[in-house]
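A quick write-up on the structure given underneath.
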Amino acid sequence: SQTIHQWPATLVQPVGSPLSLECTVEGTSNPNLYWYRQAAGRGLQLLFYSVGIGQISSEVPQNLSASRPQDRQFILSSKKLLLSDSGFYLCAWSVGGIGNSPLHFGNGTRLTVT
Amino acid sequence: AQKVTQAQTEISVVEKEDVTLDCVYETRDTTYYLFWYKQPPSGELVFLIRRNSFDEQNEISGRYSWNFQKSTSSFNFTITASQVVDSAVYFCALSVGFSGGYNKLIFGAGTRLAVHP
């Protein structure tokens with residue numbers, strides 16, 4: 001069966017520090033991968049999605065970047081965090097090539113920028 | 001433009017009450033997909049249902065049922081005989097861009113459901 005791992009679960013970082021959140025998927029090949037952010041008390045905003053290694057599409061111009069160095073690995077990064085980067089970050093995967101396949105989410109990372 | 005509106009921010013019910021969560025969507029596409037997700041206090045989103053735009057049949061799964069009406073662009077979710085374990089934030093989502101082989105979900109703001117014993 002497929003599983004998705006996301007870490008760390010919580011993170012407190014000072015303004016201006018770098019960020020690296022990692023997500024890996026097991027039990028499937030060529031998945032679509034996604035990064036969403038959920039601000040406190042709000043809905044989910046799509047940040048990035050990827051349909052293959054090295055292929056990243058950005059939805060919202062921002063202080064963050066994403067990379068997919070391996071088929072089942074998706075990394076969210078920032079060189080210098082801003083206070084507004086605080087939030088709950090969720091990684092998700094869906095079956096590659098099938099546009100209506102449900103997204104399956106990880107447990108999320110709660111990021112607090114101080 | 002595609003949009004999902006969940007007008008109910010919070011709902012509070014007593015156990016065993018029935019509760020309906022509203023979802024209204026906007027899209028110009030004739031083919032689209034709608035989803036419901038549950039986010040319990042632990043934080044992860046749990047997939048509940050997917051419905052395509054050509055299937056307006058209501059669906060029932062245990063205590064859960066969904067009413068899809070294209071005429072009103074609504075995809076409402078009803079929990080019958082609610083239980084404390086149903087307490088969570090529920091998100092409705094619309095799928096766009098799926099012709100590209102990926103699934104860009106546009107989420108509503110969510111409805112927080114609190115079921116009290």
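Naming scheme: A, B, ... for chains in displayed order of the structure tokens; residues 1 onward per chain; ligands 1 onward as shown.
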
**Study point:** Distance-based interface of chain A with chain B, 9 Å, counting only C-alpha atoms, as a PyMOL selection string
**Key:** chain A and resi 32-34+41-46+49-51+88+90+94-108

Could you write those residues out with N, CA, C and O atoms, as an mmCIF file, in the first residue's frame?
data_model
loop_
_atom_site.group_PDB
_atom_site.id
_atom_site.type_symbol
_atom_site.label_atom_id
_atom_site.label_comp_id
_atom_site.auth_asym_id
_atom_site.auth_seq_id
_atom_site.Cartn_x
_atom_site.Cartn_y
_atom_site.Cartn_z
ATOM 1 N N ASN A 32 2.186 12.174 -8.949
ATOM 2 C CA ASN A 32 2.156 13.634 -8.918
ATOM 3 C C ASN A 32 2.364 14.024 -7.457
ATOM 4 O O ASN A 32 1.835 13.371 -6.554
ATOM 5 N N LEU A 33 3.120 15.078 -7.237
ATOM 6 C CA LEU A 33 3.389 15.529 -5.873
ATOM 7 C C LEU A 33 2.992 16.992 -5.726
ATOM 8 O O LEU A 33 3.080 17.771 -6.678
ATOM 9 N N TYR A 34 2.554 17.345 -4.527
ATOM 10 C CA TYR A 34 2.000 18.674 -4.283
ATOM 11 C C TYR A 34 2.456 19.184 -2.916
ATOM 12 O O TYR A 34 2.613 18.414 -1.979
ATOM 13 N N GLY A 41 -6.769 28.825 10.552
ATOM 14 C CA GLY A 41 -8.189 29.068 10.387
ATOM 15 C C GLY A 41 -8.635 29.297 8.954
ATOM 16 O O GLY A 41 -9.744 29.776 8.718
ATOM 17 N N ARG A 42 -7.783 28.922 8.010
ATOM 18 C CA ARG A 42 -8.144 29.180 6.616
ATOM 19 C C ARG A 42 -8.043 27.904 5.798
ATOM 20 O O ARG A 42 -7.626 26.861 6.265
ATOM 21 N N GLY A 43 -8.409 28.013 4.537
ATOM 22 C CA GLY A 43 -8.375 26.861 3.644
ATOM 23 C C GLY A 43 -6.968 26.564 3.171
ATOM 24 O O GLY A 43 -5.987 27.143 3.640
ATOM 25 N N LEU A 44 -6.886 25.654 2.237
ATOM 26 C CA LEU A 44 -5.593 25.213 1.735
ATOM 27 C C LEU A 44 -5.246 25.909 0.426
ATOM 28 O O LEU A 44 -6.088 26.019 -0.466
ATOM 29 N N GLN A 45 -4.023 26.327 0.335
ATOM 30 C CA GLN A 45 -3.539 27.015 -0.853
ATOM 31 C C GLN A 45 -2.468 26.171 -1.523
ATOM 32 O O GLN A 45 -1.491 25.779 -0.866
ATOM 33 N N LEU A 46 -2.640 25.895 -2.798
ATOM 34 C CA LEU A 46 -1.640 25.119 -3.536
ATOM 35 C C LEU A 46 -0.418 25.986 -3.781
ATOM 36 O O LEU A 46 -0.523 27.085 -4.318
ATOM 37 N N TYR A 49 3.291 22.035 -7.573
ATOM 38 C CA TYR A 49 3.003 20.661 -7.922
ATOM 39 C C TYR A 49 4.040 20.180 -8.924
ATOM 40 O O TYR A 49 4.702 20.987 -9.599
ATOM 41 N N SER A 50 4.178 18.852 -8.983
ATOM 42 C CA SER A 50 5.211 18.256 -9.828
ATOM 43 C C SER A 50 4.676 16.983 -10.457
ATOM 44 O O SER A 50 4.123 16.137 -9.773
ATOM 45 N N VAL A 51 4.869 16.861 -11.761
ATOM 46 C CA VAL A 51 4.427 15.651 -12.460
ATOM 47 C C VAL A 51 5.600 14.718 -12.761
ATOM 48 O O VAL A 51 5.387 13.636 -13.310
ATOM 49 N N PHE A 88 0.693 25.742 8.278
ATOM 50 C CA PHE A 88 0.690 24.292 8.289
ATOM 51 C C PHE A 88 0.910 23.837 6.853
ATOM 52 O O PHE A 88 0.120 24.142 5.963
ATOM 53 N N LEU A 90 1.377 20.987 4.000
ATOM 54 C CA LEU A 90 0.951 19.620 3.717
ATOM 55 C C LEU A 90 1.491 19.178 2.366
ATOM 56 O O LEU A 90 1.353 19.872 1.369
ATOM 57 N N SER A 94 -0.763 12.078 -5.812
ATOM 58 C CA SER A 94 -1.876 11.471 -6.528
ATOM 59 C C SER A 94 -1.289 10.592 -7.623
ATOM 60 O O SER A 94 -0.103 10.714 -7.968
ATOM 61 N N VAL A 95 -2.087 9.713 -8.161
ATOM 62 C CA VAL A 95 -1.618 8.791 -9.190
ATOM 63 C C VAL A 95 -1.208 9.591 -10.424
ATOM 64 O O VAL A 95 -1.968 10.429 -10.920
ATOM 65 N N GLY A 96 -0.011 9.340 -10.908
ATOM 66 C CA GLY A 96 0.493 10.074 -12.054
ATOM 67 C C GLY A 96 -0.295 9.796 -13.316
ATOM 68 O O GLY A 96 -0.683 8.665 -13.579
ATOM 69 N N GLY A 97 -0.560 10.845 -14.088
ATOM 70 C CA GLY A 97 -1.228 10.696 -15.367
ATOM 71 C C GLY A 97 -2.734 10.601 -15.303
ATOM 72 O O GLY A 97 -3.409 10.592 -16.330
ATOM 73 N N ILE A 98 -3.267 10.556 -14.111
ATOM 74 C CA ILE A 98 -4.729 10.480 -13.966
ATOM 75 C C ILE A 98 -5.177 11.733 -13.249
ATOM 76 O O ILE A 98 -4.995 11.874 -12.037
ATOM 77 N N GLY A 99 -5.767 12.648 -14.012
ATOM 78 C CA GLY A 99 -6.031 13.964 -13.455
ATOM 79 C C GLY A 99 -7.085 14.013 -12.385
ATOM 80 O O GLY A 99 -7.113 14.941 -11.589
ATOM 81 N N ASN A 100 -7.955 13.021 -12.336
ATOM 82 C CA ASN A 100 -9.006 13.083 -11.322
ATOM 83 C C ASN A 100 -8.705 12.205 -10.113
ATOM 84 O O ASN A 100 -9.564 11.994 -9.270
ATOM 85 N N SER A 101 -7.487 11.703 -10.050
ATOM 86 C CA SER A 101 -7.122 10.845 -8.926
ATOM 87 C C SER A 101 -7.109 11.660 -7.637
ATOM 88 O O SER A 101 -6.555 12.758 -7.604
ATOM 89 N N PRO A 102 -7.706 11.143 -6.568
ATOM 90 C CA PRO A 102 -7.721 11.898 -5.301
ATOM 91 C C PRO A 102 -6.316 12.174 -4.807
ATOM 92 O O PRO A 102 -5.394 11.397 -5.032
ATOM 93 N N LEU A 103 -6.150 13.268 -4.117
ATOM 94 C CA LEU A 103 -4.902 13.561 -3.432
ATOM 95 C C LEU A 103 -4.898 12.865 -2.081
ATOM 96 O O LEU A 103 -5.918 12.826 -1.381
ATOM 97 N N HIS A 104 -3.723 12.332 -1.724
ATOM 98 C CA HIS A 104 -3.548 11.707 -0.429
ATOM 99 C C HIS A 104 -2.482 12.495 0.318
ATOM 100 O O HIS A 104 -1.379 12.677 -0.195
ATOM 101 N N PHE A 105 -2.835 12.940 1.496
ATOM 102 C CA PHE A 105 -1.998 13.900 2.204
ATOM 103 C C PHE A 105 -1.162 13.257 3.299
ATOM 104 O O PHE A 105 -1.555 12.241 3.901
ATOM 105 N N GLY A 106 -0.010 13.895 3.560
ATOM 106 C CA GLY A 106 0.800 13.545 4.703
ATOM 107 C C GLY A 106 0.243 14.174 5.961
ATOM 108 O O GLY A 106 -0.790 14.847 5.933
ATOM 109 N N ASN A 107 0.964 13.975 7.068
ATOM 110 C CA ASN A 107 0.489 14.477 8.357
ATOM 111 C C ASN A 107 0.763 15.956 8.572
ATOM 112 O O ASN A 107 0.287 16.536 9.546
ATOM 113 N N GLY A 108 1.536 16.553 7.694
ATOM 114 C CA GLY A 108 1.746 17.994 7.776
ATOM 115 C C GLY A 108 2.908 18.401 8.667
ATOM 116 O O GLY A 108 3.348 17.650 9.541
#

Neighbour list for Ala88 in chain B as a PDB file with N, CA, C and O atoms, in the first residue's frame, cut-off 7 Å, only C-alpha atoms, skip fewer than 5 positions in-chain:
ATOM      1  N   LYS B  38     -11.832  15.308   5.093  1.00  0.00           N
ATOM      2  CA  LYS B  38     -11.992  15.531   6.529  1.00  0.00           C
ATOM      3  C   LYS B  38     -10.622  15.785   7.141  1.00  0.00           C
ATOM      4  O   LYS B  38      -9.666  15.061   6.856  1.00  0.00           O
ATOM      5  N   GLN B  39     -10.514  16.819   7.982  1.00  0.00           N
ATOM      6  CA  GLN B  39      -9.270  17.108   8.687  1.00  0.00           C
ATOM      7  C   GLN B  39      -9.530  17.016  10.185  1.00  0.00           C
ATOM      8  O   GLN B  39      -9.999  17.955  10.819  1.00  0.00           O
ATOM      9  N   PRO B  40      -9.210  15.864  10.788  1.00  0.00           N
ATOM     10  CA  PRO B  40      -9.369  15.730  12.238  1.00  0.00           C
ATOM     11  C   PRO B  40      -8.333  16.573  12.963  1.00  0.00           C
ATOM     12  O   PRO B  40      -7.427  17.126  12.333  1.00  0.00           O
ATOM     13  N   PRO B  41      -8.441  16.675  14.276  1.00  0.00           N
ATOM     14  CA  PRO B  41      -7.487  17.506  15.038  1.00  0.00           C
ATOM     15  C   PRO B  41      -6.020  17.139  14.818  1.00  0.00           C
ATOM     16  O   PRO B  41      -5.147  17.986  14.979  1.00  0.00           O
ATOM     17  N   ARG B 112     -15.800  23.963  10.250  1.00  0.00           N
ATOM     18  CA  ARG B 112     -15.415  23.261  11.473  1.00  0.00           C
ATOM     19  C   ARG B 112     -16.672  22.725  12.151  1.00  0.00           C
ATOM     20  O   ARG B 112     -17.569  23.494  12.496  1.00  0.00           O
ATOM     21  N   LEU B 113     -16.727  21.420  12.297  1.00  0.00           N
ATOM     22  CA  LEU B 113     -17.865  20.757  12.932  1.00  0.00           C
ATOM     23  C   LEU B 113     -17.474  20.296  14.326  1.00  0.00           C
ATOM     24  O   LEU B 113     -16.476  19.584  14.489  1.00  0.00           O
ATOM     25  N   ALA B 114     -18.249  20.716  15.294  1.00  0.00           N
ATOM     26  CA  ALA B 114     -18.044  20.266  16.680  1.00  0.00           C
ATOM     27  C   ALA B 114     -19.283  19.488  17.108  1.00  0.00           C
ATOM     28  O   ALA B 114     -20.390  20.017  17.074  1.00  0.00           O
TER      29      ALA B 114
END

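The neighbours of Ser74 in chain B here are the residues that come within 9 Å of it, using only C-alpha atoms and leaving out any residue fewer than 2 positions away in the same chain; they are Asp22, Cys23, Val24, Tyr25, Asn67, Phe68, Gln69, Lys70, Ser71, Thr72 and Asn76 of chain B.
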
Exercise for review: Would you list, as a PyMOL selection string, the residues of range 37-108 of chain A that end up in strand (DSSP E) under DSSP run on this structure's backbone?
Suggested key: chain A and resi 37-38+44-52+55-58+65-70+73-78+87-94+104-105

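Residues lying within 12 Å of Val60 in chain A, counting only C-alpha atoms and ignoring same-chain neighbours fewer than 5 positions away, are Trp35, Tyr36, Arg37, Gln45, Leu46, Leu47, Phe48, Tyr49, Ser65 and Ala66 of chain A.
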
The selected residues should be written to file as a PDB file, in the first residue's frame (atoms: N, CA and C atoms).
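Saved file out38.pdb follows:
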ATOM      1  N   TRP A  35       2.620  20.507  -2.832  1.00  0.00           N
ATOM      2  CA  TRP A  35       2.778  21.187  -1.551  1.00  0.00           C
ATOM      3  C   TRP A  35       1.630  22.183  -1.393  1.00  0.00           C
ATOM      4  N   TYR A  36       0.923  22.056  -0.273  1.00  0.00           N
ATOM      5  CA  TYR A  36      -0.136  22.989   0.082  1.00  0.00           C
ATOM      6  C   TYR A  36       0.238  23.683   1.393  1.00  0.00           C
ATOM      7  N   ARG A  37      -0.285  24.880   1.581  1.00  0.00           N
ATOM      8  CA  ARG A  37      -0.125  25.588   2.852  1.00  0.00           C
ATOM      9  C   ARG A  37      -1.508  25.949   3.382  1.00  0.00           C
ATOM     10  N   GLN A  45      -4.023  26.327   0.335  1.00  0.00           N
ATOM     11  CA  GLN A  45      -3.539  27.015  -0.853  1.00  0.00           C
ATOM     12  C   GLN A  45      -2.468  26.171  -1.523  1.00  0.00           C
ATOM     13  N   LEU A  46      -2.640  25.895  -2.798  1.00  0.00           N
ATOM     14  CA  LEU A  46      -1.640  25.119  -3.536  1.00  0.00           C
ATOM     15  C   LEU A  46      -0.418  25.986  -3.781  1.00  0.00           C
ATOM     16  N   LEU A  47       0.750  25.479  -3.398  1.00  0.00           N
ATOM     17  CA  LEU A  47       1.996  26.213  -3.592  1.00  0.00           C
ATOM     18  C   LEU A  47       2.743  25.701  -4.823  1.00  0.00           C
ATOM     19  N   PHE A  48       2.961  24.403  -4.878  1.00  0.00           N
ATOM     20  CA  PHE A  48       3.715  23.792  -5.975  1.00  0.00           C
ATOM     21  C   PHE A  48       3.117  22.434  -6.307  1.00  0.00           C
ATOM     22  N   TYR A  49       3.291  22.035  -7.573  1.00  0.00           N
ATOM     23  CA  TYR A  49       3.003  20.661  -7.922  1.00  0.00           C
ATOM     24  C   TYR A  49       4.040  20.180  -8.924  1.00  0.00           C
ATOM     25  N   SER A  65      10.508  27.774  -2.525  1.00  0.00           N
ATOM     26  CA  SER A  65      10.805  27.047  -3.747  1.00  0.00           C
ATOM     27  C   SER A  65      10.637  25.566  -3.465  1.00  0.00           C
ATOM     28  N   ALA A  66      10.516  24.777  -4.527  1.00  0.00           N
ATOM     29  CA  ALA A  66      10.363  23.337  -4.372  1.00  0.00           C
ATOM     30  C   ALA A  66      11.298  22.625  -5.324  1.00  0.00           C
TER      31      ALA A  66
END

Check your understanding: Leaving out range 71-73 of chain A and any residue of its chain fewer than 2 positions from it, which residues lie within 10 Å of it when counting only C-alpha atoms, given as a PyMOL selection string?
Key -> chain A and resi 4-6+22-33+50-54+67-69+75+93

Review point. Skipping near chain neighbours, those fewer than 3 positions away, what residues fall within 8 Å of Glu26 in chain B using only C-alpha atoms, listed as a ChimeraX atom specification?
Key: /B:1-4,73

With N, CA, C and O atoms retained, could you export that selection as a PDB file, in the first residue's frame?
ATOM      1  N   ALA B   1     -13.761  31.990 -13.484  1.00  0.00           N
ATOM      2  CA  ALA B   1     -12.789  31.543 -12.488  1.00  0.00           C
ATOM      3  C   ALA B   1     -13.399  30.428 -11.648  1.00  0.00           C
ATOM      4  O   ALA B   1     -14.600  30.371 -11.445  1.00  0.00           O
ATOM      5  N   GLN B   2     -12.520  29.537 -11.188  1.00  0.00           N
ATOM      6  CA  GLN B   2     -12.997  28.441 -10.345  1.00  0.00           C
ATOM      7  C   GLN B   2     -12.941  28.850  -8.888  1.00  0.00           C
ATOM      8  O   GLN B   2     -11.991  29.472  -8.444  1.00  0.00           O
ATOM      9  N   LYS B   3     -13.981  28.454  -8.181  1.00  0.00           N
ATOM     10  CA  LYS B   3     -14.074  28.859  -6.783  1.00  0.00           C
ATOM     11  C   LYS B   3     -14.951  27.890  -6.025  1.00  0.00           C
ATOM     12  O   LYS B   3     -15.888  27.320  -6.586  1.00  0.00           O
ATOM     13  N   VAL B   4     -14.633  27.691  -4.743  1.00  0.00           N
ATOM     14  CA  VAL B   4     -15.441  26.858  -3.865  1.00  0.00           C
ATOM     15  C   VAL B   4     -15.797  27.670  -2.628  1.00  0.00           C
ATOM     16  O   VAL B   4     -14.911  28.235  -1.986  1.00  0.00           O
ATOM     17  N   SER B  73     -25.273  24.252  -8.508  1.00  0.00           N
ATOM     18  CA  SER B  73     -23.808  24.176  -8.312  1.00  0.00           C
ATOM     19  C   SER B  73     -23.467  23.879  -6.859  1.00  0.00           C
ATOM     20  O   SER B  73     -22.632  24.549  -6.237  1.00  0.00           O
TER      21      SER B  73
END

Residues at most 8 Å from Leu21 in chain A, counting only C-alpha atoms, excluding those fewer than 4 positions away in the same chain, as a PDB file with N, CA, C and O atoms, in the first residue's frame?
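Result file follows (out33.pdb):
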ATOM      1  N   GLN A   6       6.171  12.778   5.912  1.00  0.00           N
ATOM      2  CA  GLN A   6       6.491  14.197   5.878  1.00  0.00           C
ATOM      3  C   GLN A   6       7.167  14.551   7.202  1.00  0.00           C
ATOM      4  O   GLN A   6       6.663  14.182   8.264  1.00  0.00           O
ATOM      5  N   TRP A   7       8.251  15.282   7.120  1.00  0.00           N
ATOM      6  CA  TRP A   7       8.922  15.688   8.360  1.00  0.00           C
ATOM      7  C   TRP A   7       9.658  17.006   8.187  1.00  0.00           C
ATOM      8  O   TRP A   7       9.934  17.407   7.059  1.00  0.00           O
ATOM      9  N   PRO A   8       9.896  17.718   9.308  1.00  0.00           N
ATOM     10  CA  PRO A   8       9.489  17.356  10.665  1.00  0.00           C
ATOM     11  C   PRO A   8       8.011  17.635  10.905  1.00  0.00           C
ATOM     12  O   PRO A   8       7.369  18.277  10.082  1.00  0.00           O
ATOM     13  N   ILE A  75      10.724  18.340  -1.970  1.00  0.00           N
ATOM     14  CA  ILE A  75      11.321  19.174  -0.928  1.00  0.00           C
ATOM     15  C   ILE A  75      10.832  20.613  -1.078  1.00  0.00           C
ATOM     16  O   ILE A  75      10.813  21.155  -2.187  1.00  0.00           O
ATOM     17  N   LEU A  76      10.457  21.201   0.026  1.00  0.00           N
ATOM     18  CA  LEU A  76      10.053  22.608   0.068  1.00  0.00           C
ATOM     19  C   LEU A  76      11.134  23.393   0.792  1.00  0.00           C
ATOM     20  O   LEU A  76      11.549  22.996   1.879  1.00  0.00           O
ATOM     21  N   SER A  77      11.580  24.482   0.182  1.00  0.00           N
ATOM     22  CA  SER A  77      12.720  25.212   0.741  1.00  0.00           C
ATOM     23  C   SER A  77      12.481  26.706   0.752  1.00  0.00           C
ATOM     24  O   SER A  77      11.623  27.228   0.024  1.00  0.00           O
ATOM     25  N   THR A 109       3.397  19.605   8.411  1.00  0.00           N
ATOM     26  CA  THR A 109       4.440  20.229   9.235  1.00  0.00           C
ATOM     27  C   THR A 109       3.921  21.581   9.692  1.00  0.00           C
ATOM     28  O   THR A 109       3.542  22.408   8.871  1.00  0.00           O
TER      29      THR A 109
END

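What separates CA of Pro117 in chain B from CA of Phe77 in chain B is a distance of 21.2 Å.
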